[in-house]
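> Just passing along the structure, written as structure tokens.
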Amino acid sequence: MKRILFYLFLFMSLVSKAQISSYFHGNVKDFIDLKTRPLIIELLEEDEKILSKLSKPKKAEELQSYKKMVKLYNEEITVYAKKYWTINKNIEFKNKSEVEILRKANNKSYAVLRNLRLNDIDFDFKSNLYLNVIVYTKIESNPQKPDSQVYLPISSKKADVFLEEADYKYSLNILQDNINYIIAQNESVNSENYVKEMAKGNCPLIKNKTLLVKESILYEKTKKEDCIKKYDGALNIVSDDEINRAFVEKDKDKVVLFSVPYEIGKGQMGPIGQSFLMSYKVVVDCETGKILYLFMPRGFAVMGQNISSIMIEKDFENIKNCK
């Protein structure tokens, strides 16, 4: 962890251009059409290319983790897509290979909701890092160029969970609200910019309620009492289960924080280079789903800031000082 923080805080040269593609390939017309189609929830299958990359003995843990993710995601999305996806009336489930057969047959009847890995696209300094997103797209579209996408929060540390129900609720709601916003505004806006737009001017509303933050994302050397002191407001650092309960049950007195990986950062000090995942922090009202706060620094604004998935004292101070 010390090494991670070293790279996050002390790198003198940070590459600011995107290392993954967050581009929305769909337009207003596409999204109006997609909402009228029956929706396929695509279930993952183990990717032979990924299995091959992870076949070496030193990658045995990564291989096990990947296989578990595929299994758990399929089980979870089957439950939560039914519960939270509302903009398509008819929903069915198919394996990735079944969807690909339809796509190659030039089927243009379906919308597809799928899990996609966004890999590092930097040609000069490419890493093995990737981001997990959920995309909403036409079945006939290039799988690597989806019409829309939303970043998934950091995965659960529980052995039998990939993402909590609250994570799916947050992600699926953001994606659908983003689509409806694009149609209403007649303007294509990707999920990063949508979240940023929705958060504007809402920081004061946080102090009216109790902020809940997962203890599991607190940096190991950061003390709860120091975070509470820095925040100087109603703050509870709680279990993943408590966050999940409050957000799913729409607790009217609570707001919750999600940590969401959204970019691959590149840093360099002299001859040493490093790639790392960057995460934004977002606070959402449990009762209304309204976005109240976003911390997503870019370029030189990241210097001196915590851009990892963990929470430290500085993050609580940033929320406190948000106007």
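Simple scheme: letters A, B, ... for chains in structure tokens order, numbers from 1 for residues in each chain, numbers from 1 for ligands in the order shown.
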Pick out the residues sitting within 9 Å of segment 50-55 of chain A, and hand them over as a tab-separated table (two decimals) with N, CA, C and O atoms, in the first residue's frame; count only C-alpha atoms, and ignore anything fewer than 6 positions along from it in its own chain.


```
chain	number	residue	atom	x	y	z
A	61	GLU	N	-3.72	-17.24	-8.84
A	61	GLU	CA	-4.68	-16.49	-8.04
A	61	GLU	C	-5.54	-15.59	-8.91
A	61	GLU	O	-6.75	-15.47	-8.69
A	62	GLU	N	-4.92	-14.97	-9.91
A	62	GLU	CA	-5.68	-14.12	-10.83
A	62	GLU	C	-6.67	-14.95	-11.64
A	62	GLU	O	-7.79	-14.51	-11.90
A	63	LEU	N	-6.25	-16.15	-12.03
A	63	LEU	CA	-7.14	-17.03	-12.79
A	63	LEU	C	-8.35	-17.41	-11.97
A	63	LEU	O	-9.49	-17.36	-12.45
A	66	TYR	N	-10.65	-14.42	-11.67
A	66	TYR	CA	-11.39	-14.17	-12.91
A	66	TYR	C	-12.58	-15.13	-13.06
A	66	TYR	O	-13.70	-14.72	-13.36
A	67	LYS	N	-12.33	-16.42	-12.82
A	67	LYS	CA	-13.40	-17.40	-12.95
A	67	LYS	C	-14.53	-17.13	-11.94
A	67	LYS	O	-15.71	-17.27	-12.26
```

> Enumerate as a PyMOL selection string all residues of segment 152-321 of chain A assigned to strand (DSSP E or B) by DSSP on the backbone, naming them with the chain letters and numbers the document uses.

chain A and resi 210-214+218+235-238+254-269+272-285+291-295+311

> With the cut-off set at 12 Å and counting only C-alpha atoms, tabulate each residue of segment 151-208 of chain A with an atom at most that distance from an atom of segment 68-85 of chain A, showing the nearest atom pair and its distance in Å to one decimal, ordered by chain and increasing number, as CSV.


```
residue,atom,partner,partner_atom,distance
A:Leu152,CA,A:Tyr73,CA,11.7
A:Ser155,CA,A:Met69,CA,9.4
A:Ser156,CA,A:Met69,CA,10.5
A:Lys157,CA,A:Met69,CA,11.8
A:Lys158,CA,A:Leu72,CA,11.3
A:Ala159,CA,A:Lys68,CA,9.1
A:Asp160,CA,A:Leu72,CA,7.4
A:Val161,CA,A:Leu72,CA,6.4
A:Phe162,CA,A:Leu72,CA,5.7
A:Leu163,CA,A:Tyr73,CA,7.6
A:Glu164,CA,A:Glu76,CA,8.6
A:Glu165,CA,A:Tyr80,CA,7.0
A:Ala166,CA,A:Tyr80,CA,9.6
A:Asp167,CA,A:Tyr80,CA,9.9
A:Tyr168,CA,A:Tyr80,CA,6.7
A:Lys169,CA,A:Tyr84,CA,6.3
A:Tyr170,CA,A:Tyr84,CA,9.4
A:Ser171,CA,A:Tyr84,CA,9.7
A:Leu172,CA,A:Trp85,CA,6.6
A:Asn173,CA,A:Tyr84,CA,7.2
A:Ile174,CA,A:Trp85,CA,10.7
A:Leu175,CA,A:Trp85,CA,9.5
A:Gln176,CA,A:Trp85,CA,7.7
A:Asp177,CA,A:Trp85,CA,10.7
```

> Using only C-alpha atoms, which protein or nucleic acid residues come within 8 Å of Gly233 of chain A? Drop anything in the same chain fewer than 5 positions from it, and give the result as a list in words.

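Near neighbours after the sequence-gap exclusion: Lys207, Thr210, Ile228 and Lys320 of chain A.
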
> Using backbone DSSP assignments, extract all alpha helix (DSSP H) residues from segment 96-185 of chain A; output them as number ranges by chain.

A: 96-104, 165-185

> Can I get the selection written as a PDB file, in the first residue's frame, with N, CA and C atoms?


```pdb
ATOM      1  N   LYS A  96     -23.054 -15.009 -23.871  1.00  0.00           N
ATOM      2  CA  LYS A  96     -22.313 -14.174 -24.808  1.00  0.00           C
ATOM      3  C   LYS A  96     -22.221 -14.825 -26.188  1.00  0.00           C
ATOM      4  N   SER A  97     -21.987 -16.131 -26.250  1.00  0.00           N
ATOM      5  CA  SER A  97     -21.867 -16.826 -27.539  1.00  0.00           C
ATOM      6  C   SER A  97     -23.187 -16.805 -28.308  1.00  0.00           C
ATOM      7  N   GLU A  98     -24.302 -16.886 -27.612  1.00  0.00           N
ATOM      8  CA  GLU A  98     -25.609 -16.822 -28.261  1.00  0.00           C
ATOM      9  C   GLU A  98     -25.858 -15.439 -28.849  1.00  0.00           C
ATOM     10  N   VAL A  99     -25.451 -14.404 -28.120  1.00  0.00           N
ATOM     11  CA  VAL A  99     -25.605 -13.035 -28.614  1.00  0.00           C
ATOM     12  C   VAL A  99     -24.729 -12.814 -29.842  1.00  0.00           C
ATOM     13  N   GLU A 100     -23.531 -13.376 -29.821  1.00  0.00           N
ATOM     14  CA  GLU A 100     -22.613 -13.213 -30.943  1.00  0.00           C
ATOM     15  C   GLU A 100     -23.148 -13.884 -32.203  1.00  0.00           C
ATOM     16  N   ILE A 101     -23.810 -15.011 -32.056  1.00  0.00           N
ATOM     17  CA  ILE A 101     -24.421 -15.683 -33.206  1.00  0.00           C
ATOM     18  C   ILE A 101     -25.488 -14.789 -33.832  1.00  0.00           C
ATOM     19  N   LEU A 102     -26.302 -14.162 -32.997  1.00  0.00           N
ATOM     20  CA  LEU A 102     -27.329 -13.244 -33.496  1.00  0.00           C
ATOM     21  C   LEU A 102     -26.706 -12.041 -34.191  1.00  0.00           C
ATOM     22  N   ARG A 103     -25.634 -11.505 -33.590  1.00  0.00           N
ATOM     23  CA  ARG A 103     -24.978 -10.333 -34.180  1.00  0.00           C
ATOM     24  C   ARG A 103     -24.393 -10.661 -35.552  1.00  0.00           C
ATOM     25  N   LYS A 104     -23.730 -11.809 -35.673  1.00  0.00           N
ATOM     26  CA  LYS A 104     -23.123 -12.203 -36.944  1.00  0.00           C
ATOM     27  C   LYS A 104     -24.167 -12.507 -38.003  1.00  0.00           C
ATOM     28  N   GLU A 165     -25.610  -5.312  -4.077  1.00  0.00           N
ATOM     29  CA  GLU A 165     -26.829  -4.851  -4.737  1.00  0.00           C
ATOM     30  C   GLU A 165     -26.817  -3.337  -4.915  1.00  0.00           C
ATOM     31  N   ALA A 166     -26.313  -2.619  -3.922  1.00  0.00           N
ATOM     32  CA  ALA A 166     -26.251  -1.155  -4.014  1.00  0.00           C
ATOM     33  C   ALA A 166     -25.401  -0.710  -5.193  1.00  0.00           C
ATOM     34  N   ASP A 167     -24.333  -1.442  -5.501  1.00  0.00           N
ATOM     35  CA  ASP A 167     -23.466  -1.095  -6.626  1.00  0.00           C
ATOM     36  C   ASP A 167     -24.195  -1.242  -7.952  1.00  0.00           C
ATOM     37  N   TYR A 168     -24.966  -2.326  -8.077  1.00  0.00           N
ATOM     38  CA  TYR A 168     -25.751  -2.519  -9.303  1.00  0.00           C
ATOM     39  C   TYR A 168     -26.841  -1.458  -9.404  1.00  0.00           C
ATOM     40  N   LYS A 169     -27.494  -1.166  -8.299  1.00  0.00           N
ATOM     41  CA  LYS A 169     -28.545  -0.153  -8.314  1.00  0.00           C
ATOM     42  C   LYS A 169     -27.975   1.195  -8.749  1.00  0.00           C
ATOM     43  N   TYR A 170     -26.838   1.578  -8.173  1.00  0.00           N
ATOM     44  CA  TYR A 170     -26.201   2.848  -8.547  1.00  0.00           C
ATOM     45  C   TYR A 170     -25.863   2.862 -10.037  1.00  0.00           C
ATOM     46  N   SER A 171     -25.177   1.824 -10.515  1.00  0.00           N
ATOM     47  CA  SER A 171     -24.694   1.800 -11.899  1.00  0.00           C
ATOM     48  C   SER A 171     -25.837   1.758 -12.908  1.00  0.00           C
ATOM     49  N   LEU A 172     -26.811   0.895 -12.686  1.00  0.00           N
ATOM     50  CA  LEU A 172     -27.916   0.764 -13.638  1.00  0.00           C
ATOM     51  C   LEU A 172     -28.791   2.013 -13.650  1.00  0.00           C
ATOM     52  N   ASN A 173     -28.962   2.633 -12.490  1.00  0.00           N
ATOM     53  CA  ASN A 173     -29.742   3.872 -12.449  1.00  0.00           C
ATOM     54  C   ASN A 173     -29.016   5.011 -13.162  1.00  0.00           C
ATOM     55  N   ILE A 174     -27.706   5.119 -12.943  1.00  0.00           N
ATOM     56  CA  ILE A 174     -26.929   6.155 -13.627  1.00  0.00           C
ATOM     57  C   ILE A 174     -27.008   5.972 -15.133  1.00  0.00           C
ATOM     58  N   LEU A 175     -26.850   4.740 -15.603  1.00  0.00           N
ATOM     59  CA  LEU A 175     -26.872   4.478 -17.042  1.00  0.00           C
ATOM     60  C   LEU A 175     -28.226   4.842 -17.642  1.00  0.00           C
ATOM     61  N   GLN A 176     -29.309   4.441 -16.997  1.00  0.00           N
ATOM     62  CA  GLN A 176     -30.641   4.742 -17.523  1.00  0.00           C
ATOM     63  C   GLN A 176     -30.964   6.235 -17.452  1.00  0.00           C
ATOM     64  N   ASP A 177     -30.612   6.861 -16.330  1.00  0.00           N
ATOM     65  CA  ASP A 177     -30.858   8.300 -16.201  1.00  0.00           C
ATOM     66  C   ASP A 177     -30.044   9.077 -17.228  1.00  0.00           C
ATOM     67  N   ASN A 178     -28.842   8.604 -17.496  1.00  0.00           N
ATOM     68  CA  ASN A 178     -27.984   9.237 -18.501  1.00  0.00           C
ATOM     69  C   ASN A 178     -28.633   9.151 -19.889  1.00  0.00           C
ATOM     70  N   ILE A 179     -29.169   7.975 -20.215  1.00  0.00           N
ATOM     71  CA  ILE A 179     -29.831   7.791 -21.515  1.00  0.00           C
ATOM     72  C   ILE A 179     -31.035   8.718 -21.637  1.00  0.00           C
ATOM     73  N   ASN A 180     -31.846   8.770 -20.593  1.00  0.00           N
ATOM     74  CA  ASN A 180     -33.031   9.643 -20.633  1.00  0.00           C
ATOM     75  C   ASN A 180     -32.633  11.117 -20.712  1.00  0.00           C
ATOM     76  N   TYR A 181     -31.543  11.477 -20.066  1.00  0.00           N
ATOM     77  CA  TYR A 181     -31.040  12.856 -20.115  1.00  0.00           C
ATOM     78  C   TYR A 181     -30.600  13.211 -21.539  1.00  0.00           C
ATOM     79  N   ILE A 182     -29.907  12.289 -22.190  1.00  0.00           N
ATOM     80  CA  ILE A 182     -29.457  12.518 -23.565  1.00  0.00           C
ATOM     81  C   ILE A 182     -30.652  12.764 -24.481  1.00  0.00           C
ATOM     82  N   ILE A 183     -31.684  11.951 -24.328  1.00  0.00           N
ATOM     83  CA  ILE A 183     -32.875  12.105 -25.169  1.00  0.00           C
ATOM     84  C   ILE A 183     -33.573  13.433 -24.873  1.00  0.00           C
ATOM     85  N   ALA A 184     -33.699  13.773 -23.601  1.00  0.00           N
ATOM     86  CA  ALA A 184     -34.385  15.019 -23.224  1.00  0.00           C
ATOM     87  C   ALA A 184     -33.624  16.259 -23.682  1.00  0.00           C
ATOM     88  N   GLN A 185     -32.283  16.203 -23.580  1.00  0.00           N
ATOM     89  CA  GLN A 185     -31.464  17.358 -23.925  1.00  0.00           C
ATOM     90  C   GLN A 185     -31.061  17.381 -25.402  1.00  0.00           C
TER      91      GLN A 185
END
```

> Please identify all polymer residues within 7 Å of segment 88-91 of chain A, counting only C-alpha atoms, omitting same-chain residues fewer than 6 positions from it, and present them as a PyMOL selection string.

chain A and resi 35-40

> Given the selection you just returned, output its residues as a file containing N, CA and C atoms, formatted as an mmCIF file, in the first residue's frame.


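again.cif written:
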```cif
data_model
loop_
_atom_site.group_PDB
_atom_site.id
_atom_site.type_symbol
_atom_site.label_atom_id
_atom_site.label_comp_id
_atom_site.auth_asym_id
_atom_site.auth_seq_id
_atom_site.Cartn_x
_atom_site.Cartn_y
_atom_site.Cartn_z
ATOM 1 N N LYS A 35 -34.640 1.953 -26.724
ATOM 2 C CA LYS A 35 -35.655 1.825 -25.677
ATOM 3 C C LYS A 35 -36.900 1.070 -26.157
ATOM 4 N N THR A 36 -37.099 0.987 -27.482
ATOM 5 C CA THR A 36 -38.264 0.286 -28.025
ATOM 6 C C THR A 36 -37.987 -1.199 -28.263
ATOM 7 N N ARG A 37 -36.735 -1.593 -28.186
ATOM 8 C CA ARG A 37 -36.351 -2.972 -28.497
ATOM 9 C C ARG A 37 -36.472 -3.870 -27.261
ATOM 10 N N PRO A 38 -36.678 -5.173 -27.478
ATOM 11 C CA PRO A 38 -36.506 -6.104 -26.358
ATOM 12 C C PRO A 38 -35.028 -6.105 -25.955
ATOM 13 N N LEU A 39 -34.774 -6.317 -24.680
ATOM 14 C CA LEU A 39 -33.414 -6.233 -24.154
ATOM 15 C C LEU A 39 -32.869 -7.616 -23.814
ATOM 16 N N ILE A 40 -31.657 -7.884 -24.279
ATOM 17 C CA ILE A 40 -30.923 -9.079 -23.877
ATOM 18 C C ILE A 40 -29.918 -8.694 -22.792
#
```

> May I ask for the distance between atom CA of Leu131 of chain A and atom CA of Ser216 of chain A, given in Å to one decimal place?

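Between these atoms lies a distance of 19.9 Å.
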
> Determine the nearest neighbour of Lys266 of chain A from the options A:Ile139, A:Met198, A:Met278, A:Ile319, counting only C-alpha atoms.

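Residue with the minimum atom-to-atom distance to Lys266 of chain A: A:Met278.
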
> Between A:Met311, A:Gly304, A:Leu277, A:Phe24, which residue has the minimum interatomic distance to Lys224 of chain A, considering only C-alpha atoms?

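So, comparing all the options, the nearest one is A:Met311.
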
> Which residues are near Leu235 of chain A? Cut-off 10 Å, only C-alpha atoms, ignore same chain within fewer than 6 positions. Put them as a list in words.

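The neighbour list is Lys207, Lys209, Thr210, Leu211, Leu212, Val213, Lys224, Cys227, Ile228, Lys229, Lys254, Val255, Val256 and Phe316 of chain A.
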
> Write the residues you've just listed into a file as an mmCIF file, in the first residue's frame, and include C-alpha atoms for each of them.


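Result file follows (out32.cif):
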```
data_model
loop_
_atom_site.group_PDB
_atom_site.id
_atom_site.type_symbol
_atom_site.label_atom_id
_atom_site.label_comp_id
_atom_site.auth_asym_id
_atom_site.auth_seq_id
_atom_site.Cartn_x
_atom_site.Cartn_y
_atom_site.Cartn_z
ATOM 1 C CA LYS A 207 -24.732 18.077 5.549
ATOM 2 C CA LYS A 209 -28.034 13.902 6.363
ATOM 3 C CA THR A 210 -25.559 11.324 7.705
ATOM 4 C CA LEU A 211 -22.772 10.326 5.325
ATOM 5 C CA LEU A 212 -22.029 6.589 5.242
ATOM 6 C CA VAL A 213 -18.634 5.354 4.026
ATOM 7 C CA LYS A 224 -11.814 6.583 11.891
ATOM 8 C CA CYS A 227 -11.694 11.106 9.386
ATOM 9 C CA ILE A 228 -14.610 12.186 11.547
ATOM 10 C CA LYS A 229 -12.605 15.177 12.768
ATOM 11 C CA LYS A 254 -28.559 8.820 4.811
ATOM 12 C CA VAL A 255 -26.236 9.532 1.896
ATOM 13 C CA VAL A 256 -23.598 7.026 0.737
ATOM 14 C CA PHE A 316 -13.181 13.659 3.934
#
```
